[in-house]
Amino acid sequence: MEDTLSGLRSLMATHSPPLDALVVPSEDYHQSEYVSARDKRREFVSGFTGSAGLALVTKNEALLWTDGRYFLQAEQELSAQWKLMRIGEDPSVDIWIADNLPKEAFIGVDPWCISIDTAQRWERAFSEKQQKLVQTTKNLVDEVWKNRPQAEINAVIVHPLKFAGRSVADKLKDLRKRLLQEQARGIIFTALDEVAWLYNIRGSDVDYCPVVHAFAIVTINTAFIYVDKRKVSVEVQAHLVENEIEIREYTDVSSDVTLLATDELDTVSTVKRVNGGHQAEENSNLIWADSGSCCYALYAKLNPDTVLLQQSPLALAKALKNSVELDGLKKAHIRDGAAVVQYLVWLDKKMQDVYGASGYFLEKDSVKKEKQLQSLKLTEVTVSDQLESFRASKEHFKGLSFPTISSVGPNAAIIHYSPKAEACAELDPDKIYLFDSGAQYLDGTTDITRTVHFGKPSTHEKACYTAVLKGHIALGNARFPNGTNGHALDILARIPLWKDGLDYRHGTGHGIGSYLNVHEGPHLISFRPHARNVPLQSFMTVTDEPGYYEDGAFGIRLENVLIVKDADTKFNFGDKGYLSFEHITWAPYQAKLIDLKLLSPDEINWLNSYHSTCRDILAPYLDEVESAWLKKATEPIGA
């Protein structure tokens, strides 16, 4: 680590101009949340392995910013050379730079790794001190990263219409209508899930996300994909050409954006247009770029006066699932729920056999067994591998949708904990166990969290679990008028916790992709201001995942995926139309962690109704033993 920092500092000193600081973001050239091994530059520099964060290296300091999900993890992973900066509590990086670095300081960044939004915000903050954001021509981290992983050549695959639900031609037609409405003659796509969704392709360039490293440009008359051609099979080539999409090398995007700026890009296209061209309006002179996802390097090649900076039209189009996608998501979640129940049945038996636990149903102190053979002991990693194997046996399984959070006791208080085989905890019958996991299936992406205890939970743990469950139920049962955003709904999941002076440091819900990214916008349910930007609409997916975390002791989170749908309300005040949620995740909530005295009759009725559906819907996927276990786990409570 010391070598890395000193190597970076010497490159900063010899850079022209010499740099006073270097920013190392987490993101790749596509502003991705999850990135491939060779793009984990911030992790390489800092040693912090969380998915979100930003490193700043100055002449004599090294600082890392991350959000509330990762405070505990960062404290554990950062060496003494690094200072943790807590987002929301400490000054943001741009403010810190403006306040702490000298006047006229030069701050370097790779312009491919930051968005237009971020770069412009920083430039505004720096200008007050005449500080300057410098776009480095090479990524300085890559220069010191001697054993950086090689780029992999992973095949692109066609995502068939039976799963996609809409043809590429249909999507391009709608997109070009939007271009004409906005008086734009072309649009640049850099977000990997948008390129995959628009062209009905998938890949495996990033762990957990079935995407391809690619850019796209669409004009009124042409469509391009920028991808390593070695990844494109004859079948994929035929699919793209049939949809009048020109295949260009990944690195050509840079020169092609320059051509787009001067309105010469269409002249390099060799694809024959079967459907005839469209005539751009005389005043269609804008180039559309999403300021939140398009990298600064491409924006720098455009004339800023002719750029339309607004959210990509695909963000919302992709979030509004079609009927085929919704059907696929529901089916994927049923198979996934069966895998989770099979896992709980297996884990319940193992905890009793290996550790003398009273188990999932009984509430007694564990009967300590003789010291077990090493080969029998259960760890956070070995049990999560077992969960993966239950999922892998299901139809259409392609892999996990994010690294499984399998956490015992104090580790469950680390919100985005990721266990490592060499240093993870052993399971403990006297501690809470939280698992947050999901899978990629060809027909949908899943994400579910359950929290369980195989021994005797304390009164406090039960009270906390019940408060989280009450918030989870309240949000899932909400009805609200069209136009309501996730910022307005977030409070519903927190009120039962606030009543006892408790809270959690993360958002409450995110959208989910259709065999795409597990975290999908543009909507979210959160206290963060940008949750106000996009109202919830019918056919969106969103998670419902409140939690509570007690540092050094335990963590609780419950998560289901919901679909937004029209609500059948008795009245329709203001003719707005009202919305509600439909649960599509199926797995039981543990009865012995619930303090029934804290639940209302309506909450008890909802729980019993959910459990009854859960039992019926999962039965065809379970054997006799598993079905009997589920029947017991979903027995009516409070009766």
# chains A, B, ... in the order shown; residues from 1 in each chain; ligands from 1
$ residues_around --residues "Arg178 (chain A)" --least-positions-apart "4" --cutoff "12 Å" --atoms "only C-alpha atoms" --output "list in words"
Lys171, Leu172, Lys173, Asp174, Glu182, Gln183, Ala184, Arg185, Gly186, Ile187, Val218, Thr219, Ile220, Ser284, Trp288, Ser312, Pro313, Leu314 and Ala317 of chain A
$ write_last_selection --atoms "N, CA and C atoms" --output "mmCIF file, in the first residue's frame"
data_model
loop_
_atom_site.group_PDB
_atom_site.id
_atom_site.type_symbol
_atom_site.label_atom_id
_atom_site.label_comp_id
_atom_site.auth_asym_id
_atom_site.auth_seq_id
_atom_site.Cartn_x
_atom_site.Cartn_y
_atom_site.Cartn_z
ATOM 1 N N LYS A 171 -38.111 -0.729 -29.550
ATOM 2 C CA LYS A 171 -37.416 0.159 -28.613
ATOM 3 C C LYS A 171 -36.752 1.321 -29.356
ATOM 4 N N LEU A 172 -36.133 1.026 -30.504
ATOM 5 C CA LEU A 172 -35.469 2.087 -31.286
ATOM 6 C C LEU A 172 -36.490 3.077 -31.850
ATOM 7 N N LYS A 173 -37.648 2.552 -32.253
ATOM 8 C CA LYS A 173 -38.695 3.426 -32.796
ATOM 9 C C LYS A 173 -39.145 4.432 -31.724
ATOM 10 N N ASP A 174 -39.405 3.926 -30.511
ATOM 11 C CA ASP A 174 -39.808 4.805 -29.404
ATOM 12 C C ASP A 174 -38.715 5.814 -29.068
ATOM 13 N N GLU A 182 -37.394 16.035 -28.484
ATOM 14 C CA GLU A 182 -36.425 16.867 -27.759
ATOM 15 C C GLU A 182 -35.507 17.646 -28.705
ATOM 16 N N GLN A 183 -35.809 17.572 -29.993
ATOM 17 C CA GLN A 183 -35.005 18.277 -31.012
ATOM 18 C C GLN A 183 -33.534 17.842 -30.965
ATOM 19 N N ALA A 184 -33.352 16.542 -30.755
ATOM 20 C CA ALA A 184 -31.999 15.989 -30.718
ATOM 21 C C ALA A 184 -31.773 15.141 -31.967
ATOM 22 N N ARG A 185 -30.557 15.196 -32.501
ATOM 23 C CA ARG A 185 -30.259 14.373 -33.680
ATOM 24 C C ARG A 185 -29.493 13.113 -33.328
ATOM 25 N N GLY A 186 -29.080 13.013 -32.057
ATOM 26 C CA GLY A 186 -28.357 11.812 -31.645
ATOM 27 C C GLY A 186 -28.267 11.737 -30.136
ATOM 28 N N ILE A 187 -27.972 10.532 -29.641
ATOM 29 C CA ILE A 187 -27.857 10.312 -28.195
ATOM 30 C C ILE A 187 -26.738 9.324 -27.919
ATOM 31 N N VAL A 218 -27.102 6.368 -30.890
ATOM 32 C CA VAL A 218 -28.249 6.251 -31.792
ATOM 33 C C VAL A 218 -28.540 7.641 -32.344
ATOM 34 N N THR A 219 -28.665 7.719 -33.672
ATOM 35 C CA THR A 219 -29.080 8.978 -34.299
ATOM 36 C C THR A 219 -30.460 8.748 -34.911
ATOM 37 N N ILE A 220 -30.997 9.786 -35.531
ATOM 38 C CA ILE A 220 -32.312 9.652 -36.159
ATOM 39 C C ILE A 220 -32.289 8.535 -37.209
ATOM 40 N N SER A 284 -33.316 20.158 -35.255
ATOM 41 C CA SER A 284 -32.810 19.040 -34.439
ATOM 42 C C SER A 284 -31.291 19.054 -34.473
ATOM 43 N N TRP A 288 -27.917 14.416 -27.165
ATOM 44 C CA TRP A 288 -28.436 14.104 -25.843
ATOM 45 C C TRP A 288 -27.411 13.260 -25.091
ATOM 46 N N SER A 312 -31.283 9.967 -19.294
ATOM 47 C CA SER A 312 -31.500 9.118 -20.464
ATOM 48 C C SER A 312 -32.958 8.678 -20.524
ATOM 49 N N PRO A 313 -33.545 8.698 -21.729
ATOM 50 C CA PRO A 313 -34.948 8.252 -21.845
ATOM 51 C C PRO A 313 -35.090 6.756 -21.560
ATOM 52 N N LEU A 314 -33.968 6.015 -21.604
ATOM 53 C CA LEU A 314 -34.044 4.571 -21.365
ATOM 54 C C LEU A 314 -34.161 4.242 -19.884
ATOM 55 N N ALA A 317 -37.860 4.027 -19.319
ATOM 56 C CA ALA A 317 -38.422 2.988 -20.201
ATOM 57 C C ALA A 317 -38.056 1.594 -19.682
#
$ residues_around --residues "Val518 (chain A)" --least-positions-apart "3" --cutoff "10 Å" --atoms "only C-alpha atoms" --output "CSV table (one decimal) with all heavy atoms, in the first residue's frame"
chain,number,residue,atom,x,y,z
A,208,TYR,N,-21.8,-10.6,-11.4
A,208,TYR,CA,-23.2,-10.4,-10.8
A,208,TYR,C,-24.1,-9.6,-11.7
A,208,TYR,O,-25.3,-9.5,-11.5
A,208,TYR,CB,-23.1,-9.7,-9.4
A,208,TYR,CG,-22.2,-10.4,-8.5
A,208,TYR,CD1,-21.0,-9.7,-8.1
A,208,TYR,CD2,-22.4,-11.6,-8.0
A,208,TYR,CE1,-20.0,-10.3,-7.3
A,208,TYR,CE2,-21.5,-12.2,-7.1
A,208,TYR,CZ,-20.3,-11.6,-6.8
A,208,TYR,OH,-19.4,-12.2,-6.0
A,209,CYS,N,-23.6,-9.0,-12.8
A,209,CYS,CA,-24.4,-8.1,-13.7
A,209,CYS,C,-24.3,-8.7,-15.1
A,209,CYS,O,-23.1,-8.7,-15.6
A,209,CYS,CB,-24.0,-6.7,-13.6
A,209,CYS,SG,-23.8,-6.0,-12.0
A,400,LEU,N,-25.3,-15.4,-9.3
A,400,LEU,CA,-25.8,-14.5,-8.2
A,400,LEU,C,-26.0,-13.1,-8.7
A,400,LEU,O,-25.3,-12.7,-9.7
A,400,LEU,CB,-24.9,-14.6,-7.0
A,400,LEU,CG,-24.6,-15.9,-6.3
A,400,LEU,CD1,-23.7,-15.8,-5.1
A,400,LEU,CD2,-26.0,-16.6,-5.9
A,401,SER,N,-26.8,-12.3,-8.1
A,401,SER,CA,-27.0,-10.9,-8.5
A,401,SER,C,-26.2,-9.9,-7.8
A,401,SER,O,-26.1,-8.8,-8.1
A,401,SER,CB,-28.5,-10.6,-8.5
A,401,SER,OG,-29.0,-10.8,-7.2
A,402,PHE,N,-25.5,-10.4,-6.7
A,402,PHE,CA,-24.6,-9.6,-5.9
A,402,PHE,C,-23.9,-10.5,-4.9
A,402,PHE,O,-24.4,-11.6,-4.7
A,402,PHE,CB,-25.2,-8.4,-5.2
A,402,PHE,CG,-26.3,-8.8,-4.3
A,402,PHE,CD1,-26.1,-8.9,-2.9
A,402,PHE,CD2,-27.6,-9.0,-4.7
A,402,PHE,CE1,-27.1,-9.3,-2.0
A,402,PHE,CE2,-28.7,-9.4,-3.9
A,402,PHE,CZ,-28.4,-9.5,-2.5
A,438,GLY,N,-29.4,-12.8,-3.7
A,438,GLY,CA,-30.2,-12.8,-4.9
A,438,GLY,C,-29.6,-13.5,-6.0
A,438,GLY,O,-28.4,-13.9,-5.9
A,439,ALA,N,-30.3,-13.7,-7.1
A,439,ALA,CA,-29.8,-14.4,-8.2
A,439,ALA,C,-30.2,-13.8,-9.5
A,439,ALA,O,-31.2,-13.0,-9.6
A,439,ALA,CB,-30.3,-15.9,-8.2
A,440,GLN,N,-29.5,-14.2,-10.6
A,440,GLN,CA,-29.8,-13.8,-11.9
A,440,GLN,C,-30.4,-15.0,-12.6
A,440,GLN,O,-29.8,-16.1,-12.7
A,440,GLN,CB,-28.5,-13.4,-12.7
A,440,GLN,CG,-27.9,-12.1,-12.2
A,440,GLN,CD,-28.7,-10.8,-12.5
A,440,GLN,OE1,-29.8,-10.9,-13.1
A,440,GLN,NE2,-28.1,-9.7,-12.2
A,444,GLY,N,-35.5,-13.1,-14.9
A,444,GLY,CA,-35.7,-12.1,-13.8
A,444,GLY,C,-34.5,-12.1,-12.9
A,444,GLY,O,-33.8,-13.0,-12.8
A,445,THR,N,-34.4,-11.0,-12.1
A,445,THR,CA,-33.4,-10.8,-11.1
A,445,THR,C,-34.0,-10.7,-9.8
A,445,THR,O,-35.1,-10.1,-9.6
A,445,THR,CB,-32.6,-9.5,-11.4
A,445,THR,OG1,-32.1,-9.5,-12.8
A,445,THR,CG2,-31.5,-9.2,-10.5
A,446,THR,N,-33.4,-11.4,-8.8
A,446,THR,CA,-34.0,-11.4,-7.4
A,446,THR,C,-33.1,-10.8,-6.4
A,446,THR,O,-31.9,-10.7,-6.5
A,446,THR,CB,-34.4,-12.9,-7.0
A,446,THR,OG1,-33.2,-13.6,-6.8
A,446,THR,CG2,-35.2,-13.5,-8.1
A,447,ASP,N,-33.7,-10.4,-5.2
A,447,ASP,CA,-33.0,-9.8,-4.1
A,447,ASP,C,-33.9,-10.0,-2.9
A,447,ASP,O,-35.0,-9.5,-2.9
A,447,ASP,CB,-32.8,-8.3,-4.4
A,447,ASP,CG,-31.9,-7.6,-3.4
A,447,ASP,OD1,-31.5,-8.3,-2.4
A,447,ASP,OD2,-31.7,-6.4,-3.5
A,510,HIS,N,-35.0,0.1,-3.8
A,510,HIS,CA,-34.4,0.4,-5.1
A,510,HIS,C,-35.1,-0.5,-6.2
A,510,HIS,O,-35.7,-1.5,-5.9
A,510,HIS,CB,-32.9,0.0,-5.1
A,510,HIS,CG,-32.6,-1.4,-4.7
A,510,HIS,ND1,-32.7,-2.5,-5.7
A,510,HIS,CD2,-32.2,-2.0,-3.6
A,510,HIS,CE1,-32.4,-3.6,-5.0
A,510,HIS,NE2,-32.1,-3.3,-3.8
A,511,GLY,N,-35.1,0.0,-7.4
A,511,GLY,CA,-35.6,-0.8,-8.5
A,511,GLY,C,-34.8,-2.0,-8.8
A,511,GLY,O,-33.6,-2.1,-8.3
A,512,ILE,N,-35.3,-3.0,-9.5
A,512,ILE,CA,-34.6,-4.2,-9.8
A,512,ILE,C,-34.7,-4.5,-11.3
A,512,ILE,O,-35.8,-4.3,-11.9
A,512,ILE,CB,-35.2,-5.4,-9.0
A,512,ILE,CG1,-34.3,-5.6,-7.8
A,512,ILE,CG2,-35.4,-6.6,-9.7
A,512,ILE,CD1,-34.5,-6.9,-7.1
A,513,GLY,N,-33.7,-5.0,-12.0
A,513,GLY,CA,-33.7,-5.2,-13.4
A,513,GLY,C,-34.4,-6.5,-13.8
A,513,GLY,O,-34.6,-7.4,-13.0
A,514,SER,N,-34.6,-6.7,-15.1
A,514,SER,CA,-35.1,-7.9,-15.7
A,514,SER,C,-33.9,-8.7,-16.3
A,514,SER,O,-33.5,-8.3,-17.4
A,514,SER,CB,-36.2,-7.7,-16.7
A,514,SER,OG,-37.4,-7.4,-16.1
A,515,TYR,N,-33.4,-9.6,-15.5
A,515,TYR,CA,-32.1,-10.2,-15.9
A,515,TYR,C,-31.1,-9.1,-16.3
A,515,TYR,O,-30.5,-9.1,-17.3
A,515,TYR,CB,-32.2,-11.3,-17.0
A,515,TYR,CG,-30.9,-12.0,-17.3
A,515,TYR,CD1,-30.1,-12.4,-16.3
A,515,TYR,CD2,-30.6,-12.3,-18.6
A,515,TYR,CE1,-28.9,-13.1,-16.6
A,515,TYR,CE2,-29.4,-13.0,-18.9
A,515,TYR,CZ,-28.6,-13.4,-17.9
A,515,TYR,OH,-27.4,-14.1,-18.2
A,521,GLY,N,-32.4,2.2,-11.3
A,521,GLY,CA,-33.1,3.4,-11.1
A,521,GLY,C,-34.2,3.5,-12.2
A,521,GLY,O,-34.5,2.5,-12.8
$ closest_atom_pairs --of "region 510-589 of chain A" --to "region 453-462 of chain A" --cutoff "12 Å" --atoms "only C-alpha atoms" --output "tab-separated table"
residue	atom	partner	partner_atom	distance
A:Tyr548	CA	A:Glu461	CA	10.0
A:Tyr549	CA	A:Glu461	CA	10.5
A:Glu550	CA	A:Glu461	CA	9.9
A:Ala553	CA	A:Glu461	CA	9.9
A:Phe554	CA	A:Glu461	CA	8.3
A:Gly555	CA	A:Glu461	CA	9.2
A:Ile556	CA	A:Glu461	CA	8.7
A:Tyr589	CA	A:His453	CA	11.1
$ residues_around --residues "Lys499 (chain A)" --least-positions-apart "4" --cutoff "12 Å" --atoms "only C-alpha atoms" --output "list in words"
Ala463, Cys464, Ala467, Val468, Lys470, Gly471, Ile491, Leu492, Ala493, Arg494, Ile495, Asp503 and Leu598 of chain A
$ write_last_selection --atoms "C-alpha atoms" --output "mmCIF file, in the first residue's frame"
data_model
loop_
_atom_site.group_PDB
_atom_site.id
_atom_site.type_symbol
_atom_site.label_atom_id
_atom_site.label_comp_id
_atom_site.auth_asym_id
_atom_site.auth_seq_id
_atom_site.Cartn_x
_atom_site.Cartn_y
_atom_site.Cartn_z
ATOM 1 C CA ALA A 463 -38.605 -5.759 19.827
ATOM 2 C CA CYS A 464 -36.171 -4.525 17.162
ATOM 3 C CA ALA A 467 -40.268 -2.762 14.652
ATOM 4 C CA VAL A 468 -38.465 -3.541 11.365
ATOM 5 C CA LYS A 470 -43.933 -3.299 11.153
ATOM 6 C CA GLY A 471 -42.144 -0.787 8.900
ATOM 7 C CA ILE A 491 -40.863 7.555 6.309
ATOM 8 C CA LEU A 492 -43.515 4.799 6.419
ATOM 9 C CA ALA A 493 -40.839 2.139 6.944
ATOM 10 C CA ARG A 494 -39.109 4.183 9.671
ATOM 11 C CA ILE A 495 -42.020 5.310 11.877
ATOM 12 C CA ASP A 503 -33.276 4.231 12.660
ATOM 13 C CA LEU A 598 -46.390 -5.058 19.336
#
$ closest_residue --among "A:Glu635, A:Glu380, A:Arg391, A:Gly165" --to "Pro419 (chain A)" --atoms "only C-alpha atoms"
A:Glu380
$ select_by_dssp --residues "region 96-175 of chain A" --states "strand (DSSP E)" --output "JSON, numbers by chain"
{"A": [106, 107, 108, 109, 132, 133, 134, 135, 157, 158]}
$ write_last_selection --atoms "N, CA, C and O atoms" --output "PDB file, in the first residue's frame"
ATOM      1  N   PHE A 106      -3.949  21.974  -8.558  1.00  0.00           N
ATOM      2  CA  PHE A 106      -4.391  21.145  -9.677  1.00  0.00           C
ATOM      3  C   PHE A 106      -4.848  19.788  -9.124  1.00  0.00           C
ATOM      4  O   PHE A 106      -4.091  19.096  -8.443  1.00  0.00           O
ATOM      5  N   ILE A 107      -6.095  19.419  -9.447  1.00  0.00           N
ATOM      6  CA  ILE A 107      -6.657  18.147  -8.963  1.00  0.00           C
ATOM      7  C   ILE A 107      -6.880  17.255 -10.169  1.00  0.00           C
ATOM      8  O   ILE A 107      -7.665  17.572 -11.064  1.00  0.00           O
ATOM      9  N   GLY A 108      -6.186  16.126 -10.199  1.00  0.00           N
ATOM     10  CA  GLY A 108      -6.255  15.236 -11.360  1.00  0.00           C
ATOM     11  C   GLY A 108      -7.341  14.181 -11.225  1.00  0.00           C
ATOM     12  O   GLY A 108      -7.640  13.712 -10.131  1.00  0.00           O
ATOM     13  N   VAL A 109      -7.927  13.801 -12.370  1.00  0.00           N
ATOM     14  CA  VAL A 109      -8.886  12.700 -12.405  1.00  0.00           C
ATOM     15  C   VAL A 109      -8.908  12.127 -13.819  1.00  0.00           C
ATOM     16  O   VAL A 109      -8.687  12.860 -14.791  1.00  0.00           O
ATOM     17  N   LYS A 132      -8.139  23.898 -10.096  1.00  0.00           N
ATOM     18  CA  LYS A 132      -8.502  23.426 -11.430  1.00  0.00           C
ATOM     19  C   LYS A 132      -8.588  21.900 -11.473  1.00  0.00           C
ATOM     20  O   LYS A 132      -7.705  21.210 -10.961  1.00  0.00           O
ATOM     21  N   LEU A 133      -9.664  21.406 -12.080  1.00  0.00           N
ATOM     22  CA  LEU A 133      -9.799  19.966 -12.316  1.00  0.00           C
ATOM     23  C   LEU A 133      -9.023  19.626 -13.588  1.00  0.00           C
ATOM     24  O   LEU A 133      -9.292  20.188 -14.650  1.00  0.00           O
ATOM     25  N   VAL A 134      -8.072  18.735 -13.461  1.00  0.00           N
ATOM     26  CA  VAL A 134      -7.210  18.383 -14.605  1.00  0.00           C
ATOM     27  C   VAL A 134      -7.581  16.985 -15.097  1.00  0.00           C
ATOM     28  O   VAL A 134      -7.584  16.021 -14.320  1.00  0.00           O
ATOM     29  N   GLN A 135      -7.894  16.871 -16.397  1.00  0.00           N
ATOM     30  CA  GLN A 135      -8.193  15.566 -16.973  1.00  0.00           C
ATOM     31  C   GLN A 135      -6.871  14.890 -17.347  1.00  0.00           C
ATOM     32  O   GLN A 135      -6.158  15.364 -18.229  1.00  0.00           O
ATOM     33  N   ILE A 157     -24.317 -12.383 -25.601  1.00  0.00           N
ATOM     34  CA  ILE A 157     -25.407 -13.294 -25.968  1.00  0.00           C
ATOM     35  C   ILE A 157     -26.652 -12.476 -26.327  1.00  0.00           C
ATOM     36  O   ILE A 157     -26.826 -11.349 -25.862  1.00  0.00           O
ATOM     37  N   VAL A 158     -27.493 -13.054 -27.165  1.00  0.00           N
ATOM     38  CA  VAL A 158     -28.754 -12.410 -27.521  1.00  0.00           C
ATOM     39  C   VAL A 158     -29.760 -12.729 -26.420  1.00  0.00           C
ATOM     40  O   VAL A 158     -29.875 -13.872 -25.975  1.00  0.00           O
TER      41      VAL A 158
END
